[in-house]
>>> print(open('my_file05.pdb').read())   # PDB, C-alpha atoms
ATOM      1  CA  MET W   1     -24.091   8.002  11.329
ATOM      2  CA  LYS W   2     -21.673   9.011   8.618
ATOM      3  CA  VAL W   3     -20.551   5.739   7.010
ATOM      4  CA  LEU W   4     -17.901   5.352   4.335
ATOM      5  CA  ILE W   5     -18.515   2.295   2.128
ATOM      6  CA  THR W   6     -16.015   1.062  -0.444
ATOM      7  CA  GLY W   7     -17.523  -0.800  -3.382
ATOM      8  CA  THR W   8     -20.827   1.084  -3.700
ATOM      9  CA  ALA W   9     -21.128   0.143  -7.384
ATOM     10  CA  GLY W  10     -20.739  -3.497  -6.372
ATOM     11  CA  PHE W  11     -23.360  -6.109  -5.607
ATOM     12  CA  ILE W  12     -23.219  -6.031  -1.809
ATOM     13  CA  GLY W  13     -21.983  -2.464  -1.364
ATOM     14  CA  ASN W  14     -24.800  -0.961  -3.398
ATOM     15  CA  LYS W  15     -27.508  -2.807  -1.488
ATOM     16  CA  LEU W  16     -25.881  -1.861   1.817
ATOM     17  CA  ALA W  17     -25.720   1.789   0.812
ATOM     18  CA  GLN W  18     -29.441   1.741  -0.035
ATOM     19  CA  ARG W  19     -30.309   0.237   3.342
ATOM     20  CA  LEU W  20     -28.208   2.725   5.299
ATOM     21  CA  LEU W  21     -29.592   5.685   3.348
ATOM     22  CA  ASP W  22     -33.134   4.419   3.919
ATOM     23  CA  ARG W  23     -32.611   4.387   7.681
ATOM     24  CA  GLY W  24     -31.196   7.916   7.712
ATOM     25  CA  ASP W  25     -27.431   7.469   7.629
ATOM     26  CA  GLU W  26     -25.109   9.555   5.487
ATOM     27  CA  VAL W  27     -23.052   7.482   3.039
ATOM     28  CA  ILE W  28     -19.773   8.302   1.323
ATOM     29  CA  GLY W  29     -19.356   5.754  -1.455
ATOM     30  CA  ILE W  30     -15.988   4.847  -2.975
ATOM     31  CA  ASP W  31     -15.745   2.830  -6.204
ATOM     32  CA  ASN W  32     -13.559   2.934  -9.299
ATOM     33  CA  VAL W  33     -16.222   1.258 -11.508
ATOM     34  CA  ASN W  34     -13.607  -0.888 -13.235
ATOM     35  CA  ASP W  35     -14.250  -3.285 -16.110
ATOM     36  CA  TYR W  36     -13.717  -6.615 -14.307
ATOM     37  CA  TYR W  37     -17.338  -7.151 -15.347
ATOM     38  CA  ASP W  38     -19.870  -5.052 -17.272
ATOM     39  CA  PRO W  39     -19.468  -1.433 -16.054
ATOM     40  CA  SER W  40     -22.984  -0.596 -17.280
ATOM     41  CA  LEU W  41     -24.429  -2.880 -14.582
ATOM     42  CA  LYS W  42     -22.342  -1.030 -11.990
ATOM     43  CA  GLU W  43     -23.528   2.322 -13.334
ATOM     44  CA  ALA W  44     -27.149   1.104 -13.173
ATOM     45  CA  ARG W  45     -26.677   0.144  -9.520
ATOM     46  CA  LEU W  46     -25.180   3.565  -8.747
ATOM     47  CA  ALA W  47     -28.074   5.281 -10.534
ATOM     48  CA  LYS W  48     -30.402   3.975  -7.805
ATOM     49  CA  ILE W  49     -28.617   5.951  -5.076
ATOM     50  CA  LYS W  50     -26.585   8.741  -6.697
ATOM     51  CA  ASP W  51     -29.344  11.360  -6.426
ATOM     52  CA  HIS W  52     -30.019  10.701  -2.754
ATOM     53  CA  PRO W  53     -29.185  13.889  -0.806
ATOM     54  CA  ALA W  54     -27.258  11.921   1.831
ATOM     55  CA  PHE W  55     -25.058  10.069  -0.679
ATOM     56  CA  THR W  56     -21.666  11.304  -1.879
ATOM     57  CA  GLU W  57     -19.933   9.425  -4.702
ATOM     58  CA  VAL W  58     -16.137   9.315  -4.830
ATOM     59  CA  ARG W  59     -14.770   7.577  -7.925
ATOM     60  CA  ILE W  60     -11.266   6.393  -6.998
ATOM     61  CA  SER W  61      -9.348   3.139  -6.491
ATOM     62  CA  LEU W  62      -8.402   1.743  -3.082
ATOM     63  CA  GLU W  63      -4.738   1.634  -4.071
ATOM     64  CA  ASP W  64      -4.762   5.407  -4.762
ATOM     65  CA  ARG W  65      -3.330   6.283  -1.355
ATOM     66  CA  GLN W  66      -3.409  10.069  -1.652
ATOM     67  CA  ASN W  67      -7.020  10.262  -2.833
ATOM     68  CA  ILE W  68      -8.150   7.774  -0.177
ATOM     69  CA  GLU W  69      -6.425   9.902   2.461
ATOM     70  CA  ASP W  70      -8.010  13.088   1.066
ATOM     71  CA  THR W  71     -11.465  11.466   1.126
ATOM     72  CA  PHE W  72     -11.157  10.507   4.794
ATOM     73  CA  LYS W  73      -9.806  13.942   5.664
ATOM     74  CA  LYS W  74     -12.645  15.730   3.860
ATOM     75  CA  HIS W  75     -15.613  13.604   4.955
ATOM     76  CA  LYS W  76     -14.494  12.350   8.393
ATOM     77  CA  PRO W  77     -16.532   9.124   8.463
ATOM     78  CA  GLN W  78     -17.469   7.656  11.845
ATOM     79  CA  ARG W  79     -17.577   4.067  10.604
ATOM     80  CA  VAL W  80     -16.224   2.278   7.540
ATOM     81  CA  VAL W  81     -17.349  -0.809   5.601
ATOM     82  CA  ASN W  82     -14.710  -2.110   3.188
ATOM     83  CA  LEU W  83     -16.382  -4.211   0.486
ATOM     84  CA  ALA W  84     -14.342  -3.155  -2.541
ATOM     85  CA  ALA W  85     -11.945  -5.888  -3.632
ATOM     86  CA  GLN W  86     -10.783  -7.869  -6.605
ATOM     87  CA  ALA W  87     -13.218 -10.761  -6.379
ATOM     88  CA  GLY W  88     -13.303 -14.221  -7.910
ATOM     89  CA  VAL W  89     -11.360 -17.400  -7.255
ATOM     90  CA  ARG W  90     -10.927 -18.357 -10.914
ATOM     91  CA  TYR W  91      -9.778 -14.909 -12.059
ATOM     92  CA  SER W  92      -6.995 -15.020  -9.458
ATOM     93  CA  LEU W  93      -5.357 -17.736 -11.574
ATOM     94  CA  GLU W  94      -5.276 -15.364 -14.569
ATOM     95  CA  ASN W  95      -4.420 -12.005 -13.005
ATOM     96  CA  PRO W  96      -2.849 -12.464  -9.551
ATOM     97  CA  HIS W  97      -1.397  -8.942  -9.393
ATOM     98  CA  ALA W  98      -4.904  -7.429  -9.327
ATOM     99  CA  TYR W  99      -5.488  -9.143  -5.967
ATOM    100  CA  ILE W 100      -2.334  -7.708  -4.427
ATOM    101  CA  ASP W 101      -3.111  -4.197  -5.672
ATOM    102  CA  SER W 102      -6.710  -4.028  -4.474
ATOM    103  CA  ASN W 103      -6.976  -6.530  -1.643
ATOM    104  CA  ILE W 104      -3.610  -5.982   0.053
ATOM    105  CA  ILE W 105      -2.351  -2.501  -0.858
ATOM    106  CA  GLY W 106      -5.886  -1.098  -0.985
ATOM    107  CA  PHE W 107      -6.811  -2.594   2.380
ATOM    108  CA  MET W 108      -3.603  -1.238   3.884
ATOM    109  CA  ASN W 109      -4.666   2.259   2.808
ATOM    110  CA  ILE W 110      -8.074   1.792   4.451
ATOM    111  CA  LEU W 111      -6.503   0.582   7.711
ATOM    112  CA  GLU W 112      -4.106   3.524   7.858
ATOM    113  CA  CYS W 113      -6.883   6.036   7.231
ATOM    114  CA  CYS W 114      -9.130   4.423   9.855
ATOM    115  CA  ARG W 115      -6.262   4.627  12.328
ATOM    116  CA  HIS W 116      -5.321   8.250  11.669
ATOM    117  CA  HIS W 117      -8.888   9.556  11.388
ATOM    118  CA  HIS W 118     -10.171   7.875  14.549
ATOM    119  CA  VAL W 119     -12.815   5.699  12.907
ATOM    120  CA  GLU W 120     -15.098   4.060  15.516
ATOM    121  CA  HIS W 121     -15.416   0.712  13.752
ATOM    122  CA  LEU W 122     -14.087  -0.913  10.572
ATOM    123  CA  VAL W 123     -16.154  -3.765   9.101
ATOM    124  CA  TYR W 124     -14.593  -5.531   6.136
ATOM    125  CA  ALA W 125     -15.421  -8.342   3.735
ATOM    126  CA  SER W 126     -13.539 -11.574   4.155
ATOM    127  CA  SER W 127     -14.696 -14.775   2.435
ATOM    128  CA  SER W 128     -15.645 -18.391   3.016
ATOM    129  CA  SER W 129     -12.713 -19.115   0.683
ATOM    130  CA  VAL W 130     -10.338 -18.699   3.645
ATOM    131  CA  TYR W 131     -11.383 -22.158   4.859
ATOM    132  CA  GLY W 132      -9.485 -23.590   1.889
ATOM    133  CA  ALA W 133      -8.432 -27.185   2.454
ATOM    134  CA  ASN W 134     -10.492 -27.516   5.677
ATOM    135  CA  THR W 135     -12.949 -30.427   5.567
ATOM    136  CA  LYS W 136     -14.522 -30.351   9.044
ATOM    137  CA  MET W 137     -18.109 -29.176   8.596
ATOM    138  CA  PRO W 138     -19.693 -26.794   9.304
ATOM    139  CA  PHE W 139     -16.894 -24.255   8.947
ATOM    140  CA  SER W 140     -16.462 -22.496  12.285
ATOM    141  CA  VAL W 141     -14.812 -19.129  12.887
ATOM    142  CA  HIS W 142     -12.942 -20.875  15.692
ATOM    143  CA  ASN W 143     -11.206 -23.232  13.215
ATOM    144  CA  ASN W 144      -7.653 -22.690  11.965
ATOM    145  CA  VAL W 145      -7.613 -21.306   8.398
ATOM    146  CA  ASP W 146      -3.957 -21.546   7.411
ATOM    147  CA  HIS W 147      -4.368 -23.572   4.210
ATOM    148  CA  PRO W 148      -5.899 -21.375   1.477
ATOM    149  CA  VAL W 149      -6.119 -22.939  -2.002
ATOM    150  CA  SER W 150      -6.307 -19.744  -4.103
ATOM    151  CA  LEU W 151      -4.582 -16.365  -4.069
ATOM    152  CA  TYR W 152      -7.994 -14.749  -3.596
ATOM    153  CA  ALA W 153      -8.441 -16.738  -0.372
ATOM    154  CA  ALA W 154      -4.900 -15.888   0.730
ATOM    155  CA  SER W 155      -5.592 -12.170   0.200
ATOM    156  CA  LYS W 156      -8.715 -12.367   2.373
ATOM    157  CA  LYS W 157      -6.880 -14.269   5.105
ATOM    158  CA  SER W 158      -4.216 -11.549   4.899
ATOM    159  CA  ASN W 159      -6.908  -8.915   5.484
ATOM    160  CA  GLU W 160      -7.914 -10.650   8.703
ATOM    161  CA  LEU W 161      -4.306 -10.730   9.898
ATOM    162  CA  MET W 162      -3.712  -7.093   8.974
ATOM    163  CA  ALA W 163      -6.917  -6.027  10.737
ATOM    164  CA  HIS W 164      -5.915  -7.862  13.906
ATOM    165  CA  THR W 165      -2.552  -6.108  13.900
ATOM    166  CA  TYR W 166      -4.258  -2.692  13.787
ATOM    167  CA  SER W 167      -6.771  -3.726  16.446
ATOM    168  CA  HIS W 168      -3.883  -4.805  18.671
ATOM    169  CA  LEU W 169      -1.505  -1.910  18.048
ATOM    170  CA  TYR W 170      -3.948   0.990  17.771
ATOM    171  CA  ARG W 171      -7.113  -0.358  19.459
ATOM    172  CA  LEU W 172      -9.001   0.084  16.197
ATOM    173  CA  PRO W 173     -12.191  -2.014  16.469
ATOM    174  CA  THR W 174     -12.370  -4.300  13.416
ATOM    175  CA  THR W 175     -14.894  -6.944  12.351
ATOM    176  CA  GLY W 176     -14.233  -9.347   9.475
ATOM    177  CA  LEU W 177     -17.167 -11.014   7.728
ATOM    178  CA  ARG W 178     -16.712 -14.301   5.885
ATOM    179  CA  PHE W 179     -19.411 -14.234   3.209
ATOM    180  CA  PHE W 180     -20.692 -17.530   1.805
ATOM    181  CA  THR W 181     -21.647 -17.557  -1.932
ATOM    182  CA  VAL W 182     -23.792 -14.439  -2.151
ATOM    183  CA  TYR W 183     -26.602 -14.403  -4.743
ATOM    184  CA  GLY W 184     -29.730 -12.450  -5.633
ATOM    185  CA  PRO W 185     -31.049  -9.581  -7.816
ATOM    186  CA  TRP W 186     -28.370  -7.251  -9.225
ATOM    187  CA  GLY W 187     -25.765  -9.998  -8.683
ATOM    188  CA  ARG W 188     -22.372 -10.314 -10.354
ATOM    189  CA  PRO W 189     -22.193 -11.662 -13.938
ATOM    190  CA  ASP W 190     -19.194 -13.857 -13.033
ATOM    191  CA  MET W 191     -21.200 -15.800 -10.434
ATOM    192  CA  ALA W 192     -22.866 -19.161 -11.157
ATOM    193  CA  LEU W 193     -26.488 -18.010 -10.831
ATOM    194  CA  PHE W 194     -26.012 -15.184 -13.322
ATOM    195  CA  MET W 195     -24.063 -17.294 -15.835
ATOM    196  CA  PHE W 196     -26.472 -20.225 -15.610
ATOM    197  CA  THR W 197     -29.532 -17.998 -16.012
ATOM    198  CA  LYS W 198     -28.048 -16.124 -18.971
ATOM    199  CA  ASN W 199     -27.028 -19.281 -20.824
ATOM    200  CA  ILE W 200     -30.315 -21.089 -20.212
ATOM    201  CA  PHE W 201     -32.276 -18.110 -21.565
ATOM    202  CA  GLU W 202     -29.961 -17.963 -24.596
ATOM    203  CA  GLY W 203     -30.061 -21.723 -25.219
ATOM    204  CA  LYS W 204     -26.341 -22.166 -24.525
ATOM    205  CA  PRO W 205     -24.790 -24.971 -22.439
ATOM    206  CA  ILE W 206     -23.744 -24.283 -18.844
ATOM    207  CA  ASP W 207     -20.406 -25.400 -17.388
ATOM    208  CA  VAL W 208     -21.003 -27.575 -14.328
ATOM    209  CA  PHE W 209     -17.751 -27.999 -12.413
ATOM    210  CA  ASN W 210     -16.912 -30.965 -10.197
ATOM    211  CA  HIS W 211     -19.507 -32.891 -12.255
ATOM    212  CA  GLY W 212     -22.244 -31.160 -10.259
ATOM    213  CA  LYS W 213     -21.091 -32.576  -6.914
ATOM    214  CA  HIS W 214     -20.436 -29.154  -5.394
ATOM    215  CA  ARG W 215     -22.296 -28.210  -2.237
ATOM    216  CA  ARG W 216     -22.524 -24.512  -1.467
ATOM    217  CA  ASP W 217     -23.975 -22.496   1.382
ATOM    218  CA  PHE W 218     -25.777 -20.082  -0.960
ATOM    219  CA  THR W 219     -26.648 -16.894   0.949
ATOM    220  CA  TYR W 220     -29.222 -14.363  -0.230
ATOM    221  CA  ILE W 221     -28.146 -10.745  -0.643
ATOM    222  CA  ASP W 222     -30.705  -9.338   1.832
ATOM    223  CA  ASP W 223     -29.424 -11.703   4.526
ATOM    224  CA  ILE W 224     -25.832 -10.679   3.834
ATOM    225  CA  VAL W 225     -26.677  -6.982   4.124
ATOM    226  CA  GLU W 226     -28.676  -7.515   7.306
ATOM    227  CA  GLY W 227     -25.637  -9.273   8.779
ATOM    228  CA  VAL W 228     -23.356  -6.411   7.763
ATOM    229  CA  ILE W 229     -25.629  -3.809   9.370
ATOM    230  CA  ARG W 230     -26.031  -5.809  12.590
ATOM    231  CA  THR W 231     -22.273  -6.167  12.977
ATOM    232  CA  LEU W 232     -21.583  -2.555  11.942
ATOM    233  CA  ASP W 233     -23.864  -1.397  14.759
ATOM    234  CA  ASN W 234     -22.201  -3.793  17.229
ATOM    235  CA  ILE W 235     -18.683  -2.377  17.671
ATOM    236  CA  ALA W 236     -16.039  -5.080  18.122
ATOM    237  CA  THR W 237     -14.805  -5.466  21.700
ATOM    238  CA  PRO W 238     -11.961  -7.420  23.312
ATOM    239  CA  ASN W 239     -12.606 -10.937  24.574
ATOM    240  CA  ASP W 240     -11.495 -10.813  28.215
ATOM    241  CA  GLN W 241     -11.443 -14.631  28.329
ATOM    242  CA  TRP W 242      -8.981 -14.922  25.436
ATOM    243  CA  ASN W 243      -5.957 -17.046  26.260
ATOM    244  CA  GLY W 244      -2.706 -17.206  24.312
ATOM    245  CA  ASP W 245      -2.155 -20.816  25.378
ATOM    246  CA  THR W 246      -5.329 -21.871  23.554
ATOM    247  CA  PRO W 247      -5.894 -18.951  21.160
ATOM    248  CA  ASP W 248      -9.368 -18.447  19.699
ATOM    249  CA  THR W 249      -8.995 -17.362  16.057
ATOM    250  CA  ALA W 250     -12.275 -15.401  15.968
ATOM    251  CA  THR W 251     -11.642 -13.085  18.926
ATOM    252  CA  SER W 252      -8.735 -11.450  20.726
ATOM    253  CA  LEU W 253      -7.640  -9.386  23.682
ATOM    254  CA  ALA W 254      -7.791  -6.619  21.067
ATOM    255  CA  PRO W 255     -11.158  -5.235  19.792
ATOM    256  CA  TYR W 256     -11.327  -7.778  16.956
ATOM    257  CA  ARG W 257     -14.069 -10.134  15.733
ATOM    258  CA  ILE W 258     -14.639 -12.574  12.874
ATOM    259  CA  TYR W 259     -18.073 -13.854  11.815
ATOM    260  CA  ASN W 260     -19.447 -16.188   9.166
ATOM    261  CA  ILE W 261     -22.471 -14.928   7.255
ATOM    262  CA  GLY W 262     -23.939 -17.974   5.541
ATOM    263  CA  ASN W 263     -27.295 -19.663   5.154
ATOM    264  CA  ASN W 264     -26.218 -22.596   7.377
ATOM    265  CA  GLN W 265     -27.881 -24.914   4.849
ATOM    266  CA  PRO W 266     -25.655 -26.258   2.035
ATOM    267  CA  VAL W 267     -27.329 -27.060  -1.280
ATOM    268  CA  GLU W 268     -26.085 -29.427  -3.981
ATOM    269  CA  LEU W 269     -25.238 -27.641  -7.223
ATOM    270  CA  MET W 270     -27.564 -29.890  -9.234
ATOM    271  CA  ARG W 271     -30.486 -28.894  -6.984
ATOM    272  CA  TYR W 272     -29.540 -25.235  -7.421
ATOM    273  CA  ILE W 273     -29.604 -25.680 -11.204
ATOM    274  CA  GLU W 274     -32.936 -27.518 -10.981
ATOM    275  CA  VAL W 275     -34.530 -24.551  -9.200
ATOM    276  CA  ILE W 276     -33.163 -22.155 -11.842
ATOM    277  CA  GLU W 277     -34.653 -24.375 -14.580
ATOM    278  CA  GLN W 278     -38.023 -24.378 -12.818
ATOM    279  CA  CYS W 279     -38.038 -20.583 -12.466
ATOM    280  CA  ILE W 280     -37.110 -20.057 -16.116
ATOM    281  CA  GLY W 281     -39.305 -22.875 -17.395
ATOM    282  CA  LYS W 282     -36.549 -24.383 -19.506
ATOM    283  CA  LYS W 283     -34.016 -27.195 -19.093
ATOM    284  CA  ALA W 284     -30.290 -26.470 -19.188
ATOM    285  CA  GLU W 285     -27.842 -28.211 -21.475
ATOM    286  CA  LYS W 286     -25.052 -29.214 -19.100
ATOM    287  CA  ASN W 287     -21.340 -29.461 -19.809
ATOM    288  CA  PHE W 288     -19.889 -31.485 -16.910
ATOM    289  CA  LEU W 289     -16.303 -30.622 -15.963
ATOM    290  CA  PRO W 290     -13.840 -31.626 -13.205
ATOM    291  CA  LEU W 291     -13.202 -29.561 -10.065
ATOM    292  CA  GLN W 292     -11.425 -26.384 -11.104
ATOM    293  CA  LEU W 293      -8.079 -25.406  -9.616
ATOM    294  CA  GLY W 294      -8.598 -23.186  -6.556
ATOM    295  CA  ASP W 295     -12.177 -24.348  -5.927
ATOM    296  CA  VAL W 296     -13.353 -26.307  -2.890
ATOM    297  CA  PRO W 297     -16.012 -29.034  -3.130
ATOM    298  CA  GLU W 298     -18.171 -27.859  -0.223
ATOM    299  CA  THR W 299     -18.905 -24.870   2.007
ATOM    300  CA  TYR W 300     -21.098 -24.846   5.105
ATOM    301  CA  ALA W 301     -21.271 -21.948   7.570
ATOM    302  CA  ASP W 302     -21.490 -22.276  11.326
ATOM    303  CA  VAL W 303     -23.257 -19.027  12.296
ATOM    304  CA  ASP W 304     -23.499 -19.531  16.055
ATOM    305  CA  ALA W 305     -21.171 -16.609  16.792
ATOM    306  CA  LEU W 306     -23.226 -14.260  14.603
ATOM    307  CA  GLN W 307     -26.456 -15.421  16.204
ATOM    308  CA  ASN W 308     -25.091 -15.152  19.748
ATOM    309  CA  ASP W 309     -23.539 -11.693  19.340
ATOM    310  CA  VAL W 310     -26.001  -9.835  17.091
ATOM    311  CA  GLY W 311     -29.107 -12.039  17.158
ATOM    312  CA  PHE W 312     -29.257 -12.797  13.461
ATOM    313  CA  LYS W 313     -29.233 -15.957  11.345
ATOM    314  CA  PRO W 314     -29.731 -15.945   7.534
ATOM    315  CA  ASP W 315     -32.691 -18.068   6.459
ATOM    316  CA  THR W 316     -33.816 -17.210   2.900
ATOM    317  CA  LYS W 317     -34.536 -20.404   0.946
ATOM    318  CA  ILE W 318     -32.991 -20.793  -2.509
ATOM    319  CA  GLU W 319     -36.450 -21.254  -4.042
ATOM    320  CA  THR W 320     -37.324 -17.706  -2.964
ATOM    321  CA  GLY W 321     -33.935 -16.144  -3.697
ATOM    322  CA  ILE W 322     -33.518 -17.672  -7.165
ATOM    323  CA  ALA W 323     -37.075 -16.737  -8.158
ATOM    324  CA  ASN W 324     -36.357 -13.130  -7.156
ATOM    325  CA  PHE W 325     -33.159 -13.145  -9.218
ATOM    326  CA  VAL W 326     -34.818 -14.600 -12.325
ATOM    327  CA  ASP W 327     -37.636 -12.031 -12.066
ATOM    328  CA  TRP W 328     -35.027  -9.257 -11.854
ATOM    329  CA  TYR W 329     -33.053 -10.697 -14.777
ATOM    330  CA  ARG W 330     -36.163 -10.855 -17.004
ATOM    331  CA  GLU W 331     -37.003  -7.236 -16.238
ATOM    332  CA  TYR W 332     -33.478  -5.798 -16.397
ATOM    333  CA  TYR W 333     -32.515  -7.535 -19.656
ATOM    334  CA  LYS W 334     -36.040  -7.444 -21.133
ATOM    335  CA  THR W 335     -35.852 -11.219 -21.646
TER     336      THR W 335
END
>>> encode(input="my_file05.pdb", output="structure tokens")
Amino acid sequence: MKVLITGTAGFIGNKLAQRLLDRGDEVIGIDNVNDYYDPSLKEARLAKIKDHPAFTEVRISLEDRQNIEDTFKKHKPQRVVNLAAQAGVRYSLENPHAYIDSNIIGFMNILECCRHHHVEHLVYASSSSVYGANTKMPFSVHNNVDHPVSLYAASKKSNELMAHTYSHLYRLPTTGLRFFTVYGPWGRPDMALFMFTKNIFEGKPIDVFNHGKHRRDFTYIDDIVEGVIRTLDNIATPNDQWNGDTPDTATSLAPYRIYNIGNNQPVELMRYIEVIEQCIGKKAEKNFLPLQLGDVPETYADVDALQNDVGFKPDTKIETGIANFVDWYREYYKT
């Protein structure tokens, strides 16, 4: 297939591009390589795929409507995976406009191009953050998600609503994927695993929010990418049993689907830190802090829908995933 991926310099997008290229697909990769975090890490990710004969790099922003349109017109992708976005719950408190520009305006541009260029299937990144103030565990795609607690979460919920509108109006098959705390080699420097590892190696204290009482459904990068590929290959279809009197939020009479991709096994933050300490061979100095604005105390993914529809359930243990990350960190930073 010819697949257009946005965010190919990013953590998930780069790994996905590698996997699709390895299996023989052609990939058009869009990324603006911005400085939200270290651009040199993004460039190093791109260096792994840029010389592949089936990869085409396009360095533009999602909100650049004309260049996005020109890219679709030139390359005519069959399927699209939208992973580029302004990420981060905490950063959305500091720079809210970045989330509107990339996650709303940018996603609108992708939807319009998919519509006008007859894309077979649009898969896009949502987030476990959409569950917001929900407390019923595990989080199910069939639950209402109308109470986000950060602008980042609100922007991802908006993406789901926008996608449904296009699925309904134009019969564009769309699949939204709610990722749960992705981690692993080549991960983002603003994520807990990266920050904890860096500070422990450098002998600096780590900030432990919610006094370490967080529980997160940490999901390994390879499992996330496998879930993306399985759903990309399984084009969204209408649910003929859908009923407006008792509407199911994860399906529709339109070709629209929502899935969780999570490890289905929440881990306490203190246990997560303990495994990092064991892999590094050094104890962390901990700075305990209250729950930060916009954060939720627990995430836990119900992945029944993913398992039933595409036959996949993430299962990488944190002991394996963290060890792989620490090994990568040692090698990449020559620590």
>>> closest_residue(input="my_file05.pdb", among="W:Ile261, W:Val228, W:Met1, W:Ala17", to="Ser140 of chain W", atoms="all atoms listed in the file")
W:Ile261
>>> atom_distance(input="my_file05.pdb", atom1="atom CA of His97 of chain W", atom2="atom CA of Ser155 of chain W")
11.0 Å
>>> resolve_selection(input="my_file05.pdb", expression="the PyMOL selection byres ((chain W and resi 288-295) around 7)", output="PyMOL selection string")
chain W and resi 89-90+149-150+207-211+286-287+296-297
>>> write_last_selection(input="my_file05.pdb", atoms="C-alpha atoms", output="PDB file, keeping the file's coordinate frame")
ATOM      1  CA  VAL W  89     -11.360 -17.400  -7.255  1.00  0.00           C
ATOM      2  CA  ARG W  90     -10.927 -18.357 -10.914  1.00  0.00           C
ATOM      3  CA  VAL W 149      -6.119 -22.939  -2.002  1.00  0.00           C
ATOM      4  CA  SER W 150      -6.307 -19.744  -4.103  1.00  0.00           C
ATOM      5  CA  ASP W 207     -20.406 -25.400 -17.388  1.00  0.00           C
ATOM      6  CA  VAL W 208     -21.003 -27.575 -14.328  1.00  0.00           C
ATOM      7  CA  PHE W 209     -17.751 -27.999 -12.413  1.00  0.00           C
ATOM      8  CA  ASN W 210     -16.912 -30.965 -10.197  1.00  0.00           C
ATOM      9  CA  HIS W 211     -19.507 -32.891 -12.255  1.00  0.00           C
ATOM     10  CA  LYS W 286     -25.052 -29.214 -19.100  1.00  0.00           C
ATOM     11  CA  ASN W 287     -21.340 -29.461 -19.809  1.00  0.00           C
ATOM     12  CA  VAL W 296     -13.353 -26.307  -2.890  1.00  0.00           C
ATOM     13  CA  PRO W 297     -16.012 -29.034  -3.130  1.00  0.00           C
TER      14      PRO W 297
END
>>> atom_distance(input="my_file05.pdb", atom1="atom CA of Tyr259 of chain W", atom2="atom CA of Val81 of chain W")
14.5 Å
>>> atom_distance(input="my_file05.pdb", atom1="atom CA of Thr135 of chain W", atom2="atom CA of Gly187 of chain W")
28.0 Å
>>> resolve_selection(input="my_file05.pdb", expression="the PyMOL selection byres ((chain W and resi 139) around 6)", output="list of chain:residue names")
W:Met137, W:Pro138, W:Ser140, W:Tyr300, W:Ala301, W:Asp302
>>> residues_around(input="my_file05.pdb", residues="Asn67 of chain W", least_positions_apart="2", cutoff="12 Å", atoms="only C-alpha atoms", output="count of residues only")
21
>>> residues_around(input="my_file05.pdb", residues="Tyr256 of chain W", least_positions_apart="3", cutoff="7 Å", atoms="all atoms listed in the file", output="list in words")
His164, Ser167, Pro173, Thr174, Thr175, Ala236, Thr237, Pro238, Thr251 and Ser252 of chain W
>>> residues_near_point(input="my_file05.pdb", point="(-30.9, -20.5, -19.3)", cutoff="10 Å", atoms="all atoms listed in the file", output="ChimeraX atom specification")
/W:193-206,273,276-277,279-285,326
>>> residues_near_point(input="my_file05.pdb", point="(-34.0, -10.8, -15.5)", cutoff="10 Å", atoms="all atoms listed in the file", output="number ranges by chain")
W: 185-186, 194, 197-198, 201, 280, 323-335
>>> closest_residue(input="my_file05.pdb", among="W:Leu111, W:Val27, W:Ile318, W:Leu4", to="Tyr166 of chain W", atoms="only C-alpha atoms")
W:Leu111
>>> closest_residue(input="my_file05.pdb", among="W:Glu268, W:Ile68, W:Tyr99, W:Lys48", to="Gly212 of chain W", atoms="only C-alpha atoms")
W:Glu268
